[in-house]
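Asker: Sharing a structure with you now.
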Number of protein chains: 2
Amino acid sequence: MENQSAAMKQVSYRDIDIDGGFWKEKQLLIRNVTMMNVYRRFAETGRFDAFAFGWKEGDPNKPHVFFDSDVAKWMEAVAYLAAKERCPELEKIVDDTVDLIEKNRMPDGYFNSYFGHIDPDGRFTDRSKHELYCAGHLIEAAIAYRDATGKDRFLRLMTDYADLIYDIFYVKKSAAFTTPGHEEIELALVKLSEATGDPKYTDLADYFIRERGREPGSPHAQDHAPVADQRTAEGHAVRACYLYSGAADLARVRGDSRLRDAVTAIFDNIVDRRMYVTGAIGQTCVHEAFMGDYDLPNMTAYAETCANLSLALFARRMTLLEPDAKYADTAELVIYNSFLSGISLDGKSFFYSNMQENDCKVRRREFSGGHREFCPADERVEVFSCSCCPPNVVRFIASIADFMYGVSGNTVWVHQYISSTSEFDGRKITVRTAYPYDGTVNISYSGAPGKLALRIPGWATEWSLEIGGKPASGDLRKGYLYVGVNGGDEIKLRISMPVRFIEANPEVWDDAGRVAVARGPIVFCLEGKDNGRLLRDIRLDPRGRYSFRTDAELGVPVLRTTGYSRYWNEDRLYGAPAPLVSREVTLIPYFAMANRGETDMIIWVLPKY
Amino acid sequence: MENQSAAMKQVSYRDIDIDGGFWKEKQLLIRNVTMMNVYRRFAETGRFDAFAFGWKEGDPNKPHVFFDSDVAKWMEAVAYLAAKERCPELEKIVDDTVDLIEKNRMPDGYFNSYFGHIDPDGRFTDRSKHELYCAGHLIEAAIAYRDATGKDRFLRLMTDYADLIYDIFYVKKSAAFTTPGHEEIELALVKLSEATGDPKYTDLADYFIRERGREPGSPHAQDHAPVADQRTAEGHAVRACYLYSGAADLARVRGDSRLRDAVTAIFDNIVDRRMYVTGAIGQTCVHEAFMGDYDLPNMTAYAETCANLSLALFARRMTLLEPDAKYADTAELVIYNSFLSGISLDGKSFFYSNMQENDCKVRRREFSGGHREFCPADERVEVFSCSCCPPNVVRFIASIADFMYGVSGNTVWVHQYISSTSEFDGRKITVRTAYPYDGTVNISYSGAPGKLALRIPGWATEWSLEIGGKPASGDLRKGYLYVGVNGGDEIKLRISMPVRFIEANPEVWDDAGRVAVARGPIVFCLEGKDNGRLLRDIRLDPRGRYSFRTDAELGVPVLRTTGYSRYWNEDRLYGAPAPLVSREVTLIPYFAMANRGETDMIIWVLPKY
């Protein structure tokens, strides 16, 4: 297993054509609606103009140190979309932006729309100013754009810039700081080595990670200890998971067992101690950070969209280190819940922070004023002043196929079930499924005889397998069912999706006495719009009947059942225990929350035993 | 009823001798321990020295605008104690302080240890500086001291001061403001009229209340609307209930029906919408204020000791307006729970804010730094910089008998059951009871034939009455059992005190799915010291057996029962519903919480139905 896992490679989104089902719809939505909507909001707020270096004192929309990263992620999304079907309008915007980068970069290759134009003397003097973070995102975008379109000018510019960074930070050590304040460039540099064949960028990534925390700093930026010695997830959650992703990449490409031990322990610390039931992370808006083990307050959860998706990115990389389905299970949990809640059903607006519970009156009281935009918001908005999430969401959806397959020798791991047609390494695999709403997955395999490793989700308690219409079996190891297949085989995996109740570890103060309701990978919630104001008093019966049908207004399937509320027959605050009366209850997928105006919401509901 | 109620008078503590039982112990404790302990802390912090007007720039302990009120309440407590048994050591301190007041007051009678000495030009220029509040407390202390000891110099000084305030605020209207920023003087002025026979002070109180909110100000100081038009409890909770108490006094002595309607509605708003199950009020530390209806977060409850006891003071006054037991029920709830929690069992230390729930890790995280002392604290302390509560607690305990009786014509209302011997209006009444731990109350009545109106607590579901050993009955109206009695009658009231579960109105978000446990007037809580860390996961059976025995360490009776916790047999954050296993659970009286070091605490526990 050890050798096999070390060799597992991810199958690229470029080899996978999502041609139907849940994710085809999402990709069409961002292609047709979201991309231009985000573009317009970014253009209105000066993010694209910043690349023209034309801003003058007194003008609106002064460039901000993180504008480059916002635009870069949007350009990266254009690339992923263009890889499937060219998009001239969007590519024109990228090409124009690359023109400006080429025109305005410094003679030595440096490019940053804030420092290059507003504060040239400040470059590489202040670790906290997101410079290397912006560079990392530009590098990722440039690689994707070259891969998708064949146009390599953007990548050449960014390779020049990476060479400069290598020279300044690794060779000359002439910058005012050693490691980035906001991590991201580490994983981008590993990608750049893979994209160019030049190992020097990975050397630089390795250097950034080895240097981090040698001089102990603050948990906020994960430099409280050397990265290889860390065992818990600390500080700013986005920075943290970008760092852990880069460290997992290095553990893989350099065979660094100390980093491997670190990221393995940190991953478990997150999912077994510090993650909401939706896969959301970052428990507090104070420094947008992780808190202690089991400290998971729902009402004040921070749970930034970027943090949540970065956990999926981290999990995807962990899969390549060890074929244990807990990694793809976590990616799945995030993808269908705390990531997807970040974008509205109409594709136009976004959450920065994803509520895990909403009592509107409390939220209005506690999160008013300047904090309202970020710190647990209650309505998605089209653009934020710190607008990292919208472009992160589109690049994530556009490249969702990256989560699907791993391959090593004659074994293909199917991590995620997505309707698609794929061709790689001489195989052609077609998947047809109504996942995540139905657990039946039909797979047509052609190619040399080999093995499919089918993920049996951690939540699944009943499943069956057929090949060619006949019951078949396989070897279940760490959540993957290893099944021998031959060219022409039709494989049918049926995973039952009954409604299930989830409890939290008794250590979690907020969730005690309550359950979360899930069906397949989808976690559900109750909204005031469907169920009135007194959500926390509703009881659900674990033995009750739950219908699962598409709601006309929301356009997604919802659960309906008979639940119970107390009959409180007096105008008093306190009294003797009241009887329960039955009532209809509607549960909607958590990702569909907050699409019908401000309303109360809970995930953790009372069970009626 | 209407006429009868209008005429009900409170029986003074001076006519009641608490000669055994629960409150005798408490009064001995404050006489022997608390009074000198508070005195020493106040002396160390310059509160008594302030009266000497000797402070110079650079000296420690600069007098504060509210120091006079702290000392005044302590002196008032001395008076209540001295009324029963003289206390030369304490009286000497009062007399010395009165010497200083006499020596240092201004020629026109003005006295304030801050403005008189530090900022003479500032007097009556800033409404927010507690000047009239300090005056009110000094007036209350002076009345009590004259009543208790016969020494009337203090009262003469304060009458002079009140005359000056009358002249400045009511006659000349020459102050820079119209009404006090922090109410209290209103109720003191009504007392002063009763103590001196001069109605002018009540005229001034009436003026302060009529003027309040005529120019709409802020809810913080209850001047968002004219007082007579207010219907909800708003703003700073202590100020609010002092104001409502004064307004209830005026409604009574002046027959002001508009004020009566206001305080009646406000009282109901508090107890039916904005009060914790312990009788605590003031839901938020933000401006120490009331919040909206049903908005009763436990972890962040403010629930200041002074606010809680001020609700009892307000309730006591409402009883005189209308013989409805809901007022004495509320007073009882506060007295045995959220008031009594304000002082440690050893009588030495105090809570400013009374926790309604404590997860130590959350409290350490959320209430750190400067806020820690006041804003939900987790350990009682001996003195605070704003030390209004300790002297308020001692004066309250020393005058607890004021809550016991009302009288009108031949009817005596017994509002609270306290072991005591009383003589008033030609009657002698002896009460023997182990209340609040046992509901049997033995009353010996001598005097002319009449009626006893015995309060049947709102929580009581079973009770019985005997007179002379024979079953007797009475007429139950609004919570009082009206019973005819003759001289020499021995009355035995037996009120059952089974353990009972209390639910909160489903509107209360925090308490949904949980119950509070009470026995008689005592609300219980679970502490980590007895029950481990996972308090919120413990289930209690409403049909379970509960033992009620004195705990050797705490010295108070506690409840013990078999409860249930989940058996969570894996190192995971989320999983399938876990089985329950039985375990021992100990519940202690809420008032006894936090006497054994920092520990988690909950009131609202899961029921096992």
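Ordered as shown in the structure tokens, chains take letters A, B, and onward, while each chain numbers its residues from 1 and ligands are numbered from 1 in the order shown.
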Each residue of chain A with at least one atom at most 7 Å from chain B should appear once, together with its nearest atom pair and the corresponding distance in Å (one decimal); atoms considered: only C-alpha atoms; ordering: chain, then increasing residue number; output as a tab-separated table.
Answerer:
```
residue	atom	partner	partner_atom	distance
A:Asp272	CA	B:Leu573	CA	4.7
A:Arg273	CA	B:Leu573	CA	5.8
A:Phe501	CA	B:Ala576	CA	6.5
A:Ile502	CA	B:Ala576	CA	5.1
A:Glu503	CA	B:Pro577	CA	5.3
A:Ala504	CA	B:Tyr574	CA	4.5
A:Asn505	CA	B:Leu573	CA	5.0
A:Pro506	CA	B:Asp537	CA	6.0
A:Glu507	CA	B:Leu534	CA	6.1
A:Trp509	CA	B:Arg536	CA	6.2
A:Ala512	CA	B:Asp537	CA	5.1
A:Gly513	CA	B:Asp537	CA	6.2
A:Leu534	CA	B:Glu507	CA	6.1
A:Arg536	CA	B:Ala512	CA	5.8
A:Asp537	CA	B:Ala512	CA	5.1
A:Trp568	CA	B:Asn505	CA	6.8
A:Arg572	CA	B:Asp272	CA	5.0
A:Leu573	CA	B:Asp272	CA	4.7
A:Tyr574	CA	B:Ala504	CA	4.5
A:Gly575	CA	B:Ile502	CA	5.5
A:Ala576	CA	B:Ile502	CA	5.1
A:Pro577	CA	B:Glu503	CA	5.3
A:Leu606	CA	B:Gly513	CA	6.6
```
Asker: Find the residues of region 274-333 of chain A that sit at most 12 Å from region 240-253 of chain A; for each, write down the nearest two atoms and how far apart they are in Å, to one decimal. Count only C-alpha atoms. Sort by chain, then by number going up, and give it as CSV.
Answerer:
```
residue,atom,partner,partner_atom,distance
A:Ile281,CA,A:Cys241,CA,9.8
A:Gly282,CA,A:Ala240,CA,9.8
A:Glu288,CA,A:Ala240,CA,10.6
A:Ala289,CA,A:Ala240,CA,8.9
A:Phe290,CA,A:Ala240,CA,9.0
A:Cys306,CA,A:Cys241,CA,9.6
A:Ala307,CA,A:Cys241,CA,7.1
A:Asn308,CA,A:Cys241,CA,8.9
A:Leu309,CA,A:Cys241,CA,9.0
A:Ser310,CA,A:Cys241,CA,5.5
A:Leu311,CA,A:Cys241,CA,5.8
A:Ala312,CA,A:Cys241,CA,8.9
A:Leu313,CA,A:Ser245,CA,6.6
A:Phe314,CA,A:Ser245,CA,4.5
A:Ala315,CA,A:Ser245,CA,8.0
A:Arg316,CA,A:Ser245,CA,8.6
A:Arg317,CA,A:Ala248,CA,6.1
A:Met318,CA,A:Ala248,CA,6.4
A:Thr319,CA,A:Ala248,CA,9.7
A:Leu320,CA,A:Arg252,CA,7.5
A:Leu321,CA,A:Arg252,CA,6.2
A:Glu322,CA,A:Arg252,CA,9.9
```
Asker: What does the file look like for those residues with N, CA and C atoms, as a PDB file, in the first residue's frame?
Answerer:
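Below is the file that was written, part.pdb:
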```
ATOM      1  N   ILE A 281     -14.602  25.362   8.470  1.00  0.00           N
ATOM      2  CA  ILE A 281     -13.520  25.557   9.440  1.00  0.00           C
ATOM      3  C   ILE A 281     -13.269  27.040   9.681  1.00  0.00           C
ATOM      4  N   GLY A 282     -12.513  27.303  10.778  1.00  0.00           N
ATOM      5  CA  GLY A 282     -12.257  28.681  11.199  1.00  0.00           C
ATOM      6  C   GLY A 282     -13.393  29.066  12.117  1.00  0.00           C
ATOM      7  N   GLU A 288      -9.936  35.503  12.061  1.00  0.00           N
ATOM      8  CA  GLU A 288     -10.415  34.513  11.074  1.00  0.00           C
ATOM      9  C   GLU A 288      -9.776  33.148  11.318  1.00  0.00           C
ATOM     10  N   ALA A 289      -9.845  32.703  12.543  1.00  0.00           N
ATOM     11  CA  ALA A 289      -8.926  31.648  12.982  1.00  0.00           C
ATOM     12  C   ALA A 289      -9.601  30.383  13.482  1.00  0.00           C
ATOM     13  N   PHE A 290      -8.787  29.334  13.543  1.00  0.00           N
ATOM     14  CA  PHE A 290      -9.136  28.138  14.299  1.00  0.00           C
ATOM     15  C   PHE A 290      -9.192  28.488  15.787  1.00  0.00           C
ATOM     16  N   CYS A 306     -13.464  30.689   1.654  1.00  0.00           N
ATOM     17  CA  CYS A 306     -12.096  30.341   1.236  1.00  0.00           C
ATOM     18  C   CYS A 306     -11.467  29.321   2.177  1.00  0.00           C
ATOM     19  N   ALA A 307     -11.760  29.444   3.462  1.00  0.00           N
ATOM     20  CA  ALA A 307     -11.208  28.479   4.419  1.00  0.00           C
ATOM     21  C   ALA A 307     -11.782  27.103   4.156  1.00  0.00           C
ATOM     22  N   ASN A 308     -13.087  27.049   3.963  1.00  0.00           N
ATOM     23  CA  ASN A 308     -13.730  25.759   3.751  1.00  0.00           C
ATOM     24  C   ASN A 308     -13.181  25.068   2.504  1.00  0.00           C
ATOM     25  N   LEU A 309     -13.116  25.822   1.411  1.00  0.00           N
ATOM     26  CA  LEU A 309     -12.634  25.181   0.183  1.00  0.00           C
ATOM     27  C   LEU A 309     -11.164  24.819   0.291  1.00  0.00           C
ATOM     28  N   SER A 310     -10.428  25.582   1.077  1.00  0.00           N
ATOM     29  CA  SER A 310      -9.004  25.257   1.227  1.00  0.00           C
ATOM     30  C   SER A 310      -8.826  23.941   1.986  1.00  0.00           C
ATOM     31  N   LEU A 311      -9.796  23.588   2.836  1.00  0.00           N
ATOM     32  CA  LEU A 311      -9.735  22.275   3.487  1.00  0.00           C
ATOM     33  C   LEU A 311      -9.912  21.172   2.444  1.00  0.00           C
ATOM     34  N   ALA A 312     -10.782  21.409   1.452  1.00  0.00           N
ATOM     35  CA  ALA A 312     -10.939  20.424   0.372  1.00  0.00           C
ATOM     36  C   ALA A 312      -9.649  20.311  -0.433  1.00  0.00           C
ATOM     37  N   LEU A 313      -8.998  21.442  -0.695  1.00  0.00           N
ATOM     38  CA  LEU A 313      -7.730  21.408  -1.437  1.00  0.00           C
ATOM     39  C   LEU A 313      -6.677  20.614  -0.659  1.00  0.00           C
ATOM     40  N   PHE A 314      -6.659  20.821   0.646  1.00  0.00           N
ATOM     41  CA  PHE A 314      -5.719  20.101   1.517  1.00  0.00           C
ATOM     42  C   PHE A 314      -6.043  18.603   1.496  1.00  0.00           C
ATOM     43  N   ALA A 315      -7.337  18.284   1.633  1.00  0.00           N
ATOM     44  CA  ALA A 315      -7.755  16.874   1.653  1.00  0.00           C
ATOM     45  C   ALA A 315      -7.379  16.177   0.338  1.00  0.00           C
ATOM     46  N   ARG A 316      -7.558  16.877  -0.774  1.00  0.00           N
ATOM     47  CA  ARG A 316      -7.243  16.286  -2.076  1.00  0.00           C
ATOM     48  C   ARG A 316      -5.765  15.905  -2.149  1.00  0.00           C
ATOM     49  N   ARG A 317      -4.942  16.766  -1.599  1.00  0.00           N
ATOM     50  CA  ARG A 317      -3.501  16.471  -1.611  1.00  0.00           C
ATOM     51  C   ARG A 317      -3.156  15.320  -0.677  1.00  0.00           C
ATOM     52  N   MET A 318      -3.892  15.224   0.444  1.00  0.00           N
ATOM     53  CA  MET A 318      -3.631  14.125   1.381  1.00  0.00           C
ATOM     54  C   MET A 318      -3.948  12.769   0.744  1.00  0.00           C
ATOM     55  N   THR A 319      -4.965  12.759  -0.113  1.00  0.00           N
ATOM     56  CA  THR A 319      -5.319  11.519  -0.809  1.00  0.00           C
ATOM     57  C   THR A 319      -4.124  10.962  -1.566  1.00  0.00           C
ATOM     58  N   LEU A 320      -3.321  11.855  -2.120  1.00  0.00           N
ATOM     59  CA  LEU A 320      -2.159  11.412  -2.905  1.00  0.00           C
ATOM     60  C   LEU A 320      -1.062  10.847  -2.001  1.00  0.00           C
ATOM     61  N   LEU A 321      -1.127  11.179  -0.718  1.00  0.00           N
ATOM     62  CA  LEU A 321      -0.141  10.636   0.229  1.00  0.00           C
ATOM     63  C   LEU A 321      -0.563   9.275   0.757  1.00  0.00           C
ATOM     64  N   GLU A 322      -1.865   9.053   0.817  1.00  0.00           N
ATOM     65  CA  GLU A 322      -2.356   7.814   1.437  1.00  0.00           C
ATOM     66  C   GLU A 322      -3.777   7.550   0.935  1.00  0.00           C
TER      67      GLU A 322
END
```
Asker: When distances are computed from only C-alpha atoms, which of B:Pro589, B:Gly439, B:Gly255, B:Gly447 shows the smallest separation from Ser422 (chain B)?
Answerer: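 Ranked by minimum distance to Ser422 (chain B), first place goes to B:Gly447.
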Asker: If you count only C-alpha atoms, which residues fall within 9 Å of Asp229 (chain A), apart from same-chain ones fewer than 2 positions away, as a ChimeraX atom specification?
Answerer: /A:225-227,231,258-259,261-262
Asker: Run DSSP on the backbone and grab whatever in region 477-550 of chain B lands in strand (DSSP E); send it over as a short mmCIF file (atom, residue, chain, number, x, y, z; two decimals) with C-alpha atoms, in the first residue's frame.
Answerer:
```
data_model
loop_
_atom_site.label_atom_id
_atom_site.label_comp_id
_atom_site.auth_asym_id
_atom_site.auth_seq_id
_atom_site.Cartn_x
_atom_site.Cartn_y
_atom_site.Cartn_z
CA ARG B 477 -57.41 34.93 45.32
CA TYR B 480 -53.09 34.47 48.45
CA LEU B 481 -55.07 32.14 50.67
CA TYR B 482 -57.27 34.35 52.84
CA VAL B 483 -57.88 32.58 56.14
CA GLY B 484 -59.87 33.79 59.15
CA VAL B 485 -57.82 33.64 62.36
CA ASP B 489 -54.61 30.13 66.65
CA GLU B 490 -51.85 27.80 65.58
CA ILE B 491 -51.76 27.69 61.79
CA LYS B 492 -49.84 25.07 59.86
CA LEU B 493 -49.36 25.56 56.14
CA ARG B 494 -47.76 22.66 54.29
CA ILE B 495 -46.50 23.40 50.81
CA VAL B 499 -38.34 18.38 42.47
CA ARG B 500 -39.82 19.96 39.36
CA PHE B 501 -38.73 20.61 35.81
CA ILE B 502 -39.24 24.06 34.35
CA GLU B 503 -39.37 24.79 30.66
CA ALA B 504 -38.87 28.16 29.03
CA ALA B 516 -34.30 23.98 34.66
CA VAL B 517 -34.61 21.98 37.86
CA ALA B 518 -36.15 23.53 40.95
CA ARG B 519 -37.39 22.49 44.37
CA ILE B 522 -34.65 27.16 44.85
CA VAL B 523 -33.36 26.80 41.30
CA PHE B 524 -30.56 24.27 40.97
CA CYS B 525 -27.52 24.09 38.77
CA LEU B 526 -24.91 21.52 37.77
CA GLU B 527 -21.27 22.28 38.38
CA ARG B 539 -29.79 14.03 30.87
CA LEU B 540 -32.08 14.08 33.90
CA TYR B 546 -33.87 12.78 43.81
CA SER B 547 -32.32 12.75 47.26
CA PHE B 548 -32.12 16.08 49.08
CA ARG B 549 -29.40 16.18 51.72
CA THR B 550 -26.89 18.64 53.05
#
```
Asker: Excluding Cys389 (chain B) and any residue of its chain fewer than 5 positions from it, enumerate the residues within 12 Å of it, using only C-alpha atoms, and give them as a PDB file with N, CA and C atoms, in the first residue's frame.
Answerer:
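Dumped everything to out11.pdb:
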```
ATOM      1  N   VAL B  38     -16.111  44.053  54.019  1.00  0.00           N
ATOM      2  CA  VAL B  38     -16.396  45.088  53.018  1.00  0.00           C
ATOM      3  C   VAL B  38     -15.791  46.421  53.482  1.00  0.00           C
ATOM      4  N   SER B  69     -22.021  56.603  47.245  1.00  0.00           N
ATOM      5  CA  SER B  69     -23.125  55.633  47.238  1.00  0.00           C
ATOM      6  C   SER B  69     -22.683  54.299  47.822  1.00  0.00           C
ATOM      7  N   ASP B  70     -21.422  53.923  47.575  1.00  0.00           N
ATOM      8  CA  ASP B  70     -20.909  52.670  48.141  1.00  0.00           C
ATOM      9  C   ASP B  70     -20.920  52.739  49.674  1.00  0.00           C
ATOM     10  N   VAL B  71     -20.368  53.828  50.196  1.00  0.00           N
ATOM     11  CA  VAL B  71     -20.288  53.989  51.651  1.00  0.00           C
ATOM     12  C   VAL B  71     -21.695  54.119  52.242  1.00  0.00           C
ATOM     13  N   LYS B  73     -24.536  52.836  51.271  1.00  0.00           N
ATOM     14  CA  LYS B  73     -25.251  51.569  51.388  1.00  0.00           C
ATOM     15  C   LYS B  73     -24.690  50.720  52.528  1.00  0.00           C
ATOM     16  N   TRP B  74     -23.391  50.838  52.733  1.00  0.00           N
ATOM     17  CA  TRP B  74     -22.777  50.114  53.858  1.00  0.00           C
ATOM     18  C   TRP B  74     -23.310  50.694  55.176  1.00  0.00           C
ATOM     19  N   VAL B 238     -30.171  48.363  36.484  1.00  0.00           N
ATOM     20  CA  VAL B 238     -30.243  48.872  37.864  1.00  0.00           C
ATOM     21  C   VAL B 238     -30.994  50.203  37.882  1.00  0.00           C
ATOM     22  N   ALA B 303     -26.774  40.193  34.258  1.00  0.00           N
ATOM     23  CA  ALA B 303     -27.371  39.741  35.516  1.00  0.00           C
ATOM     24  C   ALA B 303     -26.620  40.262  36.736  1.00  0.00           C
ATOM     25  N   GLU B 304     -26.457  41.564  36.787  1.00  0.00           N
ATOM     26  CA  GLU B 304     -25.721  42.180  37.894  1.00  0.00           C
ATOM     27  C   GLU B 304     -26.476  41.983  39.208  1.00  0.00           C
ATOM     28  N   THR B 305     -25.730  41.741  40.258  1.00  0.00           N
ATOM     29  CA  THR B 305     -26.350  41.545  41.570  1.00  0.00           C
ATOM     30  C   THR B 305     -27.264  42.721  41.933  1.00  0.00           C
ATOM     31  N   CYS B 306     -26.803  43.945  41.702  1.00  0.00           N
ATOM     32  CA  CYS B 306     -27.631  45.118  42.019  1.00  0.00           C
ATOM     33  C   CYS B 306     -28.907  45.145  41.179  1.00  0.00           C
ATOM     34  N   ALA B 307     -28.793  44.730  39.928  1.00  0.00           N
ATOM     35  CA  ALA B 307     -29.987  44.700  39.069  1.00  0.00           C
ATOM     36  C   ALA B 307     -30.979  43.681  39.600  1.00  0.00           C
ATOM     37  N   ASN B 308     -30.478  42.509  39.937  1.00  0.00           N
ATOM     38  CA  ASN B 308     -31.365  41.453  40.412  1.00  0.00           C
ATOM     39  C   ASN B 308     -32.086  41.881  41.681  1.00  0.00           C
ATOM     40  N   LEU B 309     -31.330  42.406  42.639  1.00  0.00           N
ATOM     41  CA  LEU B 309     -31.990  42.785  43.897  1.00  0.00           C
ATOM     42  C   LEU B 309     -32.928  43.961  43.684  1.00  0.00           C
ATOM     43  N   SER B 310     -32.608  44.811  42.707  1.00  0.00           N
ATOM     44  CA  SER B 310     -33.500  45.952  42.457  1.00  0.00           C
ATOM     45  C   SER B 310     -34.847  45.478  41.897  1.00  0.00           C
ATOM     46  N   PHE B 339     -30.253  36.923  43.586  1.00  0.00           N
ATOM     47  CA  PHE B 339     -29.677  37.836  44.573  1.00  0.00           C
ATOM     48  C   PHE B 339     -28.638  37.113  45.413  1.00  0.00           C
ATOM     49  N   LEU B 340     -29.027  35.963  45.931  1.00  0.00           N
ATOM     50  CA  LEU B 340     -28.171  35.273  46.892  1.00  0.00           C
ATOM     51  C   LEU B 340     -26.891  34.738  46.247  1.00  0.00           C
ATOM     52  N   SER B 341     -26.936  34.509  44.939  1.00  0.00           N
ATOM     53  CA  SER B 341     -25.713  34.076  44.247  1.00  0.00           C
ATOM     54  C   SER B 341     -24.662  35.165  44.252  1.00  0.00           C
ATOM     55  N   GLY B 342     -25.064  36.405  44.535  1.00  0.00           N
ATOM     56  CA  GLY B 342     -24.134  37.523  44.508  1.00  0.00           C
ATOM     57  C   GLY B 342     -23.103  37.508  45.617  1.00  0.00           C
ATOM     58  N   ILE B 343     -23.327  36.721  46.661  1.00  0.00           N
ATOM     59  CA  ILE B 343     -22.382  36.674  47.784  1.00  0.00           C
ATOM     60  C   ILE B 343     -21.925  35.237  48.010  1.00  0.00           C
ATOM     61  N   SER B 349     -16.980  37.407  49.595  1.00  0.00           N
ATOM     62  CA  SER B 349     -16.747  37.920  48.247  1.00  0.00           C
ATOM     63  C   SER B 349     -18.052  37.927  47.446  1.00  0.00           C
ATOM     64  N   PHE B 350     -17.995  38.603  46.306  1.00  0.00           N
ATOM     65  CA  PHE B 350     -19.224  38.983  45.610  1.00  0.00           C
ATOM     66  C   PHE B 350     -19.106  38.818  44.103  1.00  0.00           C
ATOM     67  N   PHE B 351     -20.229  38.572  43.490  1.00  0.00           N
ATOM     68  CA  PHE B 351     -20.322  38.685  42.042  1.00  0.00           C
ATOM     69  C   PHE B 351     -20.926  40.033  41.687  1.00  0.00           C
ATOM     70  N   TYR B 352     -20.343  40.687  40.714  1.00  0.00           N
ATOM     71  CA  TYR B 352     -20.983  41.837  40.094  1.00  0.00           C
ATOM     72  C   TYR B 352     -21.996  41.270  39.093  1.00  0.00           C
ATOM     73  N   SER B 353     -21.487  40.431  38.190  1.00  0.00           N
ATOM     74  CA  SER B 353     -22.344  39.776  37.205  1.00  0.00           C
ATOM     75  C   SER B 353     -22.538  38.325  37.631  1.00  0.00           C
ATOM     76  N   ASN B 354     -23.764  37.842  37.550  1.00  0.00           N
ATOM     77  CA  ASN B 354     -24.058  36.475  37.976  1.00  0.00           C
ATOM     78  C   ASN B 354     -24.270  35.574  36.763  1.00  0.00           C
ATOM     79  N   PHE B 374     -16.027  42.646  35.506  1.00  0.00           N
ATOM     80  CA  PHE B 374     -17.467  42.868  35.573  1.00  0.00           C
ATOM     81  C   PHE B 374     -18.237  41.975  34.636  1.00  0.00           C
ATOM     82  N   ARG B 380     -16.121  35.053  42.376  1.00  0.00           N
ATOM     83  CA  ARG B 380     -16.456  36.209  43.200  1.00  0.00           C
ATOM     84  C   ARG B 380     -15.167  36.881  43.693  1.00  0.00           C
ATOM     85  N   VAL B 381     -15.233  38.208  43.873  1.00  0.00           N
ATOM     86  CA  VAL B 381     -14.070  38.942  44.379  1.00  0.00           C
ATOM     87  C   VAL B 381     -14.521  39.829  45.535  1.00  0.00           C
ATOM     88  N   GLU B 382     -13.557  40.302  46.320  1.00  0.00           N
ATOM     89  CA  GLU B 382     -13.923  41.008  47.555  1.00  0.00           C
ATOM     90  C   GLU B 382     -14.307  42.458  47.320  1.00  0.00           C
ATOM     91  N   VAL B 383     -13.719  43.059  46.288  1.00  0.00           N
ATOM     92  CA  VAL B 383     -14.066  44.450  45.987  1.00  0.00           C
ATOM     93  C   VAL B 383     -13.837  44.681  44.504  1.00  0.00           C
ATOM     94  N   PHE B 384     -14.652  45.474  43.888  1.00  0.00           N
ATOM     95  CA  PHE B 384     -14.469  45.844  42.488  1.00  0.00           C
ATOM     96  C   PHE B 384     -14.203  47.339  42.447  1.00  0.00           C
ATOM     97  N   VAL B 394     -25.304  43.598  51.525  1.00  0.00           N
ATOM     98  CA  VAL B 394     -25.439  43.590  52.991  1.00  0.00           C
ATOM     99  C   VAL B 394     -26.668  44.373  53.449  1.00  0.00           C
ATOM    100  N   ARG B 395     -26.953  45.498  52.811  1.00  0.00           N
ATOM    101  CA  ARG B 395     -28.142  46.235  53.259  1.00  0.00           C
ATOM    102  C   ARG B 395     -29.410  45.444  52.943  1.00  0.00           C
ATOM    103  N   PHE B 396     -29.349  44.682  51.858  1.00  0.00           N
ATOM    104  CA  PHE B 396     -30.517  43.884  51.471  1.00  0.00           C
ATOM    105  C   PHE B 396     -30.762  42.761  52.478  1.00  0.00           C
TER     106      PHE B 396
END
```
Asker: Find the residues near Phe154 (chain A): any atom within 9 Å, counting only C-alpha atoms, skip ones fewer than 5 places away on the same chain, and give them as a VMD selection string.
Answerer: chain A and resid 95 98 to 99 101 to 102 138 to 139 141 to 143 145 to 146 159
Asker: What is the CA of Met158 (chain B) to CA of Lys92 (chain B) distance in Å?
Answerer: 18.7 Å
Asker: Once DSSP has gone over the backbone, tell me which residues of region 374-585 of chain A are in helix (DSSP H, G or I), as a list in words.
Answerer: Cys389, Pro390, Pro391, Asn392, Val393, Val394, Arg395, Phe396, Ile397, Ala398, Ile400, Ala401, Asp402, Phe403, Gly528, Lys529, Asp530, Asn531, Leu535, Arg536 and Asp537 of chain A
